[in-house]
file model_18.cif (mmCIF, N, CA and C atoms)
data_start
loop_
_atom_site.label_atom_id
_atom_site.label_comp_id
_atom_site.auth_asym_id
_atom_site.auth_seq_id
_atom_site.Cartn_x
_atom_site.Cartn_y
_atom_site.Cartn_z
N MET A 1327 -170.63 -137.13 -31.09
CA MET A 1327 -169.60 -137.64 -31.96
C MET A 1327 -169.87 -137.25 -33.43
N LYS A 1328 -171.15 -137.27 -33.83
CA LYS A 1328 -171.49 -136.90 -35.20
C LYS A 1328 -171.17 -135.43 -35.46
N LYS A 1329 -171.44 -134.57 -34.47
CA LYS A 1329 -171.15 -133.15 -34.63
C LYS A 1329 -169.65 -132.92 -34.77
N PHE A 1330 -168.88 -133.64 -33.99
CA PHE A 1330 -167.42 -133.52 -34.06
C PHE A 1330 -166.90 -133.95 -35.43
N THR A 1331 -167.41 -135.05 -35.95
CA THR A 1331 -166.99 -135.55 -37.26
C THR A 1331 -167.38 -134.57 -38.35
N LEU A 1332 -168.58 -134.03 -38.29
CA LEU A 1332 -169.03 -133.04 -39.26
C LEU A 1332 -168.17 -131.78 -39.20
N LEU A 1333 -167.85 -131.32 -38.00
CA LEU A 1333 -167.01 -130.14 -37.82
C LEU A 1333 -165.61 -130.41 -38.36
N LEU A 1334 -165.08 -131.58 -38.12
CA LEU A 1334 -163.76 -131.94 -38.62
C LEU A 1334 -163.72 -131.98 -40.14
N CYS A 1335 -164.73 -132.58 -40.76
CA CYS A 1335 -164.80 -132.63 -42.23
C CYS A 1335 -164.94 -131.25 -42.83
N THR A 1336 -165.78 -130.42 -42.25
CA THR A 1336 -165.97 -129.06 -42.74
C THR A 1336 -164.69 -128.25 -42.63
N THR A 1337 -164.00 -128.38 -41.53
CA THR A 1337 -162.74 -127.67 -41.33
C THR A 1337 -161.70 -128.12 -42.36
N TYR A 1338 -161.63 -129.41 -42.61
CA TYR A 1338 -160.68 -129.95 -43.59
C TYR A 1338 -160.97 -129.40 -44.99
N ILE A 1339 -162.22 -129.37 -45.37
CA ILE A 1339 -162.60 -128.85 -46.70
C ILE A 1339 -162.24 -127.38 -46.82
N LEU A 1340 -162.55 -126.60 -45.81
CA LEU A 1340 -162.24 -125.17 -45.85
C LEU A 1340 -160.73 -124.93 -45.89
N MET A 1341 -159.98 -125.68 -45.13
CA MET A 1341 -158.52 -125.53 -45.12
C MET A 1341 -157.92 -125.88 -46.48
N SER A 1342 -158.43 -126.93 -47.10
CA SER A 1342 -157.90 -127.31 -48.41
C SER A 1342 -158.24 -126.26 -49.47
N CYS A 1343 -159.41 -125.66 -49.39
CA CYS A 1343 -159.78 -124.61 -50.33
C CYS A 1343 -158.92 -123.37 -50.14
N LEU A 1344 -158.67 -123.00 -48.91
CA LEU A 1344 -157.85 -121.84 -48.63
C LEU A 1344 -156.41 -122.03 -49.05
N SER A 1345 -155.89 -123.23 -48.87
CA SER A 1345 -154.48 -123.46 -49.19
C SER A 1345 -154.23 -123.40 -50.70
N THR A 1346 -155.18 -123.80 -51.53
CA THR A 1346 -154.96 -123.77 -52.97
C THR A 1346 -155.11 -122.36 -53.55
N THR A 1347 -155.84 -121.48 -52.88
CA THR A 1347 -156.01 -120.14 -53.42
C THR A 1347 -154.76 -119.30 -53.22
N LYS A 1348 -153.87 -119.65 -52.31
CA LYS A 1348 -152.66 -118.87 -52.06
C LYS A 1348 -151.50 -119.32 -52.94
N THR A 1349 -151.63 -120.42 -53.63
CA THR A 1349 -150.57 -120.89 -54.51
C THR A 1349 -151.04 -120.75 -55.95
N PRO A 1350 -150.18 -120.22 -56.82
CA PRO A 1350 -150.61 -119.97 -58.20
C PRO A 1350 -150.69 -121.24 -59.03
N MET A 1351 -151.60 -121.26 -59.97
CA MET A 1351 -151.67 -122.34 -60.96
C MET A 1351 -150.45 -122.17 -61.86
N THR A 1352 -149.81 -123.26 -62.19
CA THR A 1352 -148.60 -123.24 -63.00
C THR A 1352 -148.71 -124.26 -64.11
N ALA A 1353 -148.22 -123.91 -65.29
CA ALA A 1353 -148.27 -124.80 -66.44
C ALA A 1353 -146.84 -125.17 -66.86
N PHE A 1354 -146.66 -126.43 -67.20
CA PHE A 1354 -145.39 -126.94 -67.71
C PHE A 1354 -145.59 -127.29 -69.18
N ILE A 1355 -144.98 -126.50 -70.04
CA ILE A 1355 -145.18 -126.60 -71.48
C ILE A 1355 -143.98 -127.27 -72.12
N VAL A 1356 -144.24 -128.16 -73.06
CA VAL A 1356 -143.18 -128.84 -73.81
C VAL A 1356 -143.30 -128.40 -75.26
N LYS A 1357 -142.17 -127.95 -75.82
CA LYS A 1357 -142.16 -127.33 -77.15
C LYS A 1357 -141.27 -128.13 -78.10
N ASN A 1358 -141.71 -128.24 -79.35
CA ASN A 1358 -140.95 -128.92 -80.39
C ASN A 1358 -140.68 -127.91 -81.51
N THR A 1359 -139.41 -127.56 -81.71
CA THR A 1359 -139.06 -126.60 -82.76
C THR A 1359 -138.51 -127.28 -84.02
N SER A 1360 -138.56 -128.61 -84.06
CA SER A 1360 -138.02 -129.35 -85.21
C SER A 1360 -139.09 -129.54 -86.28
N ASP A 1361 -138.68 -130.16 -87.39
CA ASP A 1361 -139.59 -130.45 -88.50
C ASP A 1361 -140.21 -131.85 -88.39
N LYS A 1362 -139.91 -132.56 -87.30
CA LYS A 1362 -140.43 -133.91 -87.11
C LYS A 1362 -141.18 -133.99 -85.79
N PRO A 1363 -142.18 -134.87 -85.70
CA PRO A 1363 -142.85 -135.06 -84.40
C PRO A 1363 -141.91 -135.74 -83.41
N ILE A 1364 -142.03 -135.37 -82.14
CA ILE A 1364 -141.20 -135.94 -81.08
C ILE A 1364 -142.13 -136.48 -79.99
N SER A 1365 -141.85 -137.70 -79.56
CA SER A 1365 -142.66 -138.34 -78.51
C SER A 1365 -141.86 -138.42 -77.21
N PHE A 1366 -142.58 -138.36 -76.09
CA PHE A 1366 -141.96 -138.50 -74.78
C PHE A 1366 -142.98 -139.04 -73.80
N THR A 1367 -142.48 -139.56 -72.69
CA THR A 1367 -143.35 -139.96 -71.58
C THR A 1367 -142.95 -139.14 -70.36
N ALA A 1368 -143.94 -138.81 -69.57
CA ALA A 1368 -143.70 -138.05 -68.35
C ALA A 1368 -144.47 -138.70 -67.21
N SER A 1369 -143.82 -138.81 -66.06
CA SER A 1369 -144.45 -139.40 -64.88
C SER A 1369 -144.50 -138.37 -63.77
N VAL A 1370 -145.61 -138.37 -63.04
CA VAL A 1370 -145.78 -137.49 -61.88
C VAL A 1370 -146.33 -138.31 -60.72
N ILE A 1371 -146.15 -137.78 -59.52
CA ILE A 1371 -146.72 -138.41 -58.33
C ILE A 1371 -148.07 -137.76 -58.06
N LYS A 1372 -149.09 -138.58 -57.94
CA LYS A 1372 -150.43 -138.09 -57.62
C LYS A 1372 -150.78 -138.57 -56.22
N MET A 1373 -151.26 -137.65 -55.40
CA MET A 1373 -151.65 -138.00 -54.05
C MET A 1373 -153.17 -138.00 -53.96
N SER A 1374 -153.70 -139.06 -53.39
CA SER A 1374 -155.14 -139.21 -53.27
C SER A 1374 -155.46 -139.72 -51.87
N VAL A 1375 -156.54 -139.22 -51.32
CA VAL A 1375 -156.96 -139.68 -50.00
C VAL A 1375 -157.37 -141.15 -50.07
N THR A 1376 -158.03 -141.53 -51.15
CA THR A 1376 -158.54 -142.89 -51.30
C THR A 1376 -157.44 -143.90 -51.62
N PHE A 1377 -156.57 -143.57 -52.59
CA PHE A 1377 -155.58 -144.53 -53.07
C PHE A 1377 -154.17 -144.26 -52.58
N GLY A 1378 -153.95 -143.18 -51.86
CA GLY A 1378 -152.61 -142.86 -51.40
C GLY A 1378 -151.77 -142.24 -52.50
N THR A 1379 -150.46 -142.42 -52.40
CA THR A 1379 -149.54 -141.86 -53.38
C THR A 1379 -149.29 -142.88 -54.47
N GLN A 1380 -149.39 -142.41 -55.72
CA GLN A 1380 -149.13 -143.30 -56.85
C GLN A 1380 -148.48 -142.52 -57.98
N GLU A 1381 -147.65 -143.22 -58.75
CA GLU A 1381 -146.99 -142.60 -59.89
C GLU A 1381 -147.84 -142.84 -61.14
N ILE A 1382 -148.08 -141.76 -61.89
CA ILE A 1382 -148.88 -141.84 -63.11
C ILE A 1382 -148.00 -141.43 -64.27
N THR A 1383 -147.98 -142.27 -65.32
CA THR A 1383 -147.17 -142.02 -66.50
C THR A 1383 -148.08 -141.83 -67.71
N ARG A 1384 -147.80 -140.80 -68.49
CA ARG A 1384 -148.56 -140.51 -69.70
C ARG A 1384 -147.58 -140.35 -70.86
N SER A 1385 -148.02 -140.76 -72.05
CA SER A 1385 -147.24 -140.59 -73.27
C SER A 1385 -147.78 -139.41 -74.06
N PHE A 1386 -146.88 -138.67 -74.69
CA PHE A 1386 -147.25 -137.49 -75.46
C PHE A 1386 -146.49 -137.51 -76.78
N THR A 1387 -147.07 -136.89 -77.80
CA THR A 1387 -146.39 -136.63 -79.06
C THR A 1387 -146.64 -135.17 -79.41
N VAL A 1388 -145.55 -134.44 -79.61
CA VAL A 1388 -145.64 -133.03 -79.95
C VAL A 1388 -145.38 -132.89 -81.44
N LYS A 1389 -146.33 -132.30 -82.13
CA LYS A 1389 -146.21 -132.10 -83.59
C LYS A 1389 -145.09 -131.11 -83.89
N PRO A 1390 -144.58 -131.13 -85.13
CA PRO A 1390 -143.52 -130.18 -85.50
C PRO A 1390 -143.97 -128.73 -85.31
N HIS A 1391 -143.08 -127.93 -84.77
CA HIS A 1391 -143.30 -126.49 -84.54
C HIS A 1391 -144.57 -126.25 -83.72
N ASP A 1392 -144.77 -127.06 -82.70
CA ASP A 1392 -145.96 -126.95 -81.85
C ASP A 1392 -145.53 -127.11 -80.40
N SER A 1393 -146.45 -126.90 -79.49
CA SER A 1393 -146.18 -127.12 -78.06
C SER A 1393 -147.45 -127.64 -77.40
N MET A 1394 -147.28 -128.17 -76.19
CA MET A 1394 -148.42 -128.70 -75.45
C MET A 1394 -148.15 -128.60 -73.95
N ILE A 1395 -149.22 -128.62 -73.18
CA ILE A 1395 -149.09 -128.60 -71.72
C ILE A 1395 -148.93 -130.03 -71.24
N ALA A 1396 -147.80 -130.32 -70.59
CA ALA A 1396 -147.55 -131.66 -70.06
C ALA A 1396 -148.10 -131.80 -68.65
N ARG A 1397 -148.18 -130.68 -67.93
CA ARG A 1397 -148.72 -130.72 -66.57
C ARG A 1397 -149.18 -129.32 -66.19
N GLN A 1398 -150.28 -129.28 -65.46
CA GLN A 1398 -150.79 -128.01 -64.94
C GLN A 1398 -151.21 -128.29 -63.51
N THR A 1399 -150.65 -127.54 -62.57
CA THR A 1399 -150.89 -127.82 -61.16
C THR A 1399 -150.69 -126.56 -60.34
N TYR A 1400 -150.99 -126.63 -59.05
CA TYR A 1400 -150.75 -125.53 -58.13
C TYR A 1400 -149.36 -125.69 -57.54
N PHE A 1401 -148.59 -124.60 -57.48
CA PHE A 1401 -147.28 -124.62 -56.86
C PHE A 1401 -147.41 -124.71 -55.35
N LYS A 1402 -146.61 -125.52 -54.75
CA LYS A 1402 -146.55 -125.55 -53.29
C LYS A 1402 -145.11 -125.48 -52.81
N ARG A 1403 -144.20 -126.21 -53.47
CA ARG A 1403 -142.78 -126.14 -53.13
C ARG A 1403 -141.97 -126.54 -54.36
N ASP A 1404 -140.67 -126.36 -54.28
CA ASP A 1404 -139.77 -126.62 -55.41
C ASP A 1404 -140.16 -125.80 -56.63
N GLY A 1405 -140.66 -124.59 -56.41
CA GLY A 1405 -141.09 -123.75 -57.51
C GLY A 1405 -139.97 -123.35 -58.44
N ASP A 1406 -138.76 -123.26 -57.92
CA ASP A 1406 -137.62 -122.87 -58.74
C ASP A 1406 -136.92 -124.06 -59.37
N ASN A 1407 -137.46 -125.25 -59.17
CA ASN A 1407 -136.87 -126.47 -59.73
C ASN A 1407 -137.92 -127.22 -60.55
N PRO A 1408 -138.26 -126.73 -61.74
CA PRO A 1408 -139.34 -127.35 -62.51
C PRO A 1408 -139.02 -128.79 -62.91
N GLN A 1409 -137.75 -129.14 -63.03
CA GLN A 1409 -137.40 -130.50 -63.42
C GLN A 1409 -137.79 -131.52 -62.34
N ARG A 1410 -138.02 -131.07 -61.12
CA ARG A 1410 -138.41 -131.97 -60.03
C ARG A 1410 -139.92 -132.26 -59.99
N TRP A 1411 -140.69 -131.59 -60.84
CA TRP A 1411 -142.13 -131.82 -60.86
C TRP A 1411 -142.50 -133.06 -61.64
N PHE A 1412 -141.53 -133.69 -62.28
CA PHE A 1412 -141.73 -134.94 -63.00
C PHE A 1412 -140.78 -135.98 -62.39
N THR A 1413 -141.32 -137.15 -62.04
CA THR A 1413 -140.46 -138.19 -61.49
C THR A 1413 -139.66 -138.87 -62.60
N LYS A 1414 -140.24 -138.96 -63.78
CA LYS A 1414 -139.55 -139.50 -64.96
C LYS A 1414 -139.94 -138.64 -66.16
N PHE A 1415 -139.00 -138.43 -67.05
CA PHE A 1415 -139.25 -137.67 -68.27
C PHE A 1415 -138.34 -138.26 -69.33
N GLU A 1416 -138.89 -139.10 -70.18
CA GLU A 1416 -138.09 -139.82 -71.19
C GLU A 1416 -138.49 -139.36 -72.58
N ILE A 1417 -137.50 -138.87 -73.33
CA ILE A 1417 -137.72 -138.43 -74.71
C ILE A 1417 -137.26 -139.55 -75.64
N PHE A 1418 -138.10 -139.91 -76.60
CA PHE A 1418 -137.73 -140.95 -77.55
C PHE A 1418 -136.90 -140.33 -78.67
N PRO A 1419 -135.75 -140.93 -78.99
CA PRO A 1419 -134.85 -140.33 -79.99
C PRO A 1419 -135.47 -140.29 -81.39
N VAL A 1420 -135.11 -139.25 -82.11
CA VAL A 1420 -135.52 -139.08 -83.51
C VAL A 1420 -134.24 -138.86 -84.30
N ASP A 1421 -134.10 -139.57 -85.41
CA ASP A 1421 -132.89 -139.48 -86.24
C ASP A 1421 -132.61 -138.04 -86.65
N GLY A 1422 -131.36 -137.63 -86.43
CA GLY A 1422 -130.91 -136.32 -86.88
C GLY A 1422 -131.28 -135.16 -85.97
N ILE A 1423 -131.88 -135.42 -84.81
CA ILE A 1423 -132.29 -134.33 -83.90
C ILE A 1423 -131.61 -134.53 -82.55
N MET A 1424 -130.90 -133.49 -82.09
CA MET A 1424 -130.27 -133.52 -80.77
C MET A 1424 -131.33 -133.13 -79.74
N MET A 1425 -131.44 -133.91 -78.67
CA MET A 1425 -132.46 -133.68 -77.64
C MET A 1425 -131.88 -132.94 -76.44
N SER A 1426 -132.69 -132.10 -75.82
CA SER A 1426 -132.33 -131.41 -74.58
C SER A 1426 -132.52 -132.35 -73.41
N LYS A 1427 -131.91 -132.03 -72.30
CA LYS A 1427 -132.01 -132.87 -71.10
C LYS A 1427 -133.01 -132.24 -70.12
N PRO A 1428 -134.14 -132.93 -69.86
CA PRO A 1428 -135.16 -132.36 -68.98
C PRO A 1428 -134.76 -132.31 -67.51
N GLU A 1429 -133.72 -133.04 -67.11
CA GLU A 1429 -133.31 -133.03 -65.70
C GLU A 1429 -132.48 -131.81 -65.33
N LYS A 1430 -132.12 -130.99 -66.30
CA LYS A 1430 -131.37 -129.76 -66.03
C LYS A 1430 -132.33 -128.59 -65.90
N SER A 1431 -132.25 -127.88 -64.79
CA SER A 1431 -133.19 -126.78 -64.54
C SER A 1431 -133.03 -125.64 -65.54
N GLU A 1432 -131.83 -125.44 -66.08
CA GLU A 1432 -131.62 -124.34 -67.03
C GLU A 1432 -132.32 -124.59 -68.36
N ASN A 1433 -132.78 -125.81 -68.62
CA ASN A 1433 -133.52 -126.11 -69.85
C ASN A 1433 -135.01 -125.79 -69.73
N TRP A 1434 -135.47 -125.42 -68.55
CA TRP A 1434 -136.86 -125.03 -68.33
C TRP A 1434 -136.88 -123.50 -68.22
N ILE A 1435 -137.46 -122.84 -69.20
CA ILE A 1435 -137.48 -121.37 -69.25
C ILE A 1435 -138.74 -120.86 -68.57
N LYS A 1436 -138.54 -120.01 -67.56
CA LYS A 1436 -139.67 -119.47 -66.81
C LYS A 1436 -140.29 -118.30 -67.57
N GLY A 1437 -141.61 -118.28 -67.60
CA GLY A 1437 -142.34 -117.20 -68.26
C GLY A 1437 -143.71 -117.02 -67.63
N GLU A 1438 -144.55 -116.27 -68.30
CA GLU A 1438 -145.91 -116.04 -67.80
C GLU A 1438 -146.84 -115.88 -68.99
N LYS A 1439 -148.00 -116.52 -68.90
CA LYS A 1439 -149.00 -116.40 -69.96
C LYS A 1439 -150.36 -116.22 -69.28
N ASP A 1440 -151.03 -115.12 -69.56
CA ASP A 1440 -152.33 -114.80 -68.96
C ASP A 1440 -152.27 -114.86 -67.44
N LYS A 1441 -151.20 -114.29 -66.87
CA LYS A 1441 -150.98 -114.23 -65.42
C LYS A 1441 -150.77 -115.60 -64.76
N VAL A 1442 -150.50 -116.60 -65.57
CA VAL A 1442 -150.20 -117.95 -65.06
C VAL A 1442 -148.71 -118.20 -65.26
N PRO A 1443 -147.96 -118.47 -64.17
CA PRO A 1443 -146.55 -118.80 -64.34
C PRO A 1443 -146.40 -120.06 -65.19
N THR A 1444 -145.46 -120.04 -66.12
CA THR A 1444 -145.23 -121.19 -66.99
C THR A 1444 -143.75 -121.55 -66.99
N TYR A 1445 -143.48 -122.80 -67.26
CA TYR A 1445 -142.12 -123.29 -67.51
C TYR A 1445 -142.16 -124.00 -68.85
N THR A 1446 -141.32 -123.57 -69.78
CA THR A 1446 -141.29 -124.16 -71.11
C THR A 1446 -140.00 -124.92 -71.31
N PHE A 1447 -140.15 -126.17 -71.74
CA PHE A 1447 -139.01 -127.04 -72.05
C PHE A 1447 -139.03 -127.31 -73.54
N THR A 1448 -137.94 -126.99 -74.23
CA THR A 1448 -137.82 -127.27 -75.66
C THR A 1448 -137.16 -128.63 -75.81
N LEU A 1449 -137.85 -129.54 -76.48
CA LEU A 1449 -137.39 -130.93 -76.60
C LEU A 1449 -136.06 -131.05 -77.35
N ASN A 1450 -135.89 -130.26 -78.39
CA ASN A 1450 -134.70 -130.38 -79.23
C ASN A 1450 -133.84 -129.13 -79.10
N LYS A 1451 -132.54 -129.30 -79.37
CA LYS A 1451 -131.60 -128.17 -79.27
C LYS A 1451 -131.55 -127.39 -80.56
#
call {"tool": "encode", "arguments": {"input": "model_18.cif", "output": "structure tokens"}}
result
Amino acid sequence: MKKFTLLLCTTYILMSCLSTTKTPMTAFIVKNTSDKPISFTASVIKMSVTFGTQEITRSFTVKPHDSMIARQTYFKRDGDNPQRWFTKFEIFPVDGIMMSKPEKSENWIKGEKDKVPTYTFTLNK
């Protein structure tokens, strides 16, 4: 029984390592082109063997004329729908600045940086 359990664990580890090498690392970048800082919160689903599936929410502030990585992960599915990689994406309003809608896929511009596929979302129009 111990040999079977060891073999099962080893197989699981090898399979998980192999599956991540075939999917590219992808970065989701949020950009602010305005003269004011813009804050937002983003939520993602995290899957864990120990804790199961849970939603994690983080707050971000992007400085004027700057950008930041909101999420970096391996692609597995929904690669052409970057807006689905966040369960919630709330931008806090700033006076005098029109905000883009993160739920629209056309607002996420696909690109590549250092051979890493990227999706860039500009917070303001």
call {"tool": "atom_distance", "arguments": {"input": "model_18.cif", "atom1": "atom C of Thr1413 (chain A)", "atom2": "atom N of Lys1430 (chain A)"}}
result
11.5 Å
call {"tool": "residues_near_point", "arguments": {"input": "model_18.cif", "point": "(-142.6, -125.9, -72.4)", "cutoff": "8 Å", "atoms": "only N, CA and C atoms", "output": "count of residues only"}}
result
18
call {"tool": "atom_distance", "arguments": {"input": "model_18.cif", "atom1": "CA of Asn1407 (chain A)", "atom2": "CA of His1391 (chain A)"}}
result
25.6 Å
call {"tool": "closest_residue", "arguments": {"input": "model_18.cif", "among": "A:Ser1365, A:Asn1450, A:Gln1398, A:Thr1376", "to": "Glu1416 (chain A)", "atoms": "only N, CA and C atoms"}}
result
A:Ser1365
call {"tool": "resolve_selection", "arguments": {"input": "model_18.cif", "expression": "the PyMOL selection byres ((chain A and resi 1424) around 6)", "output": "MDAnalysis selection string"}}
result
chainID A and resid 1422:1423 1425:1426 1449:1451
call {"tool": "select_by_dssp", "arguments": {"input": "model_18.cif", "residues": "region 1341-1441 of chain A", "states": "alpha helix (DSSP H)", "output": "JSON, numbers by chain"}}
result
{"A": [1341, 1342, 1343, 1344, 1345, 1346, 1347]}
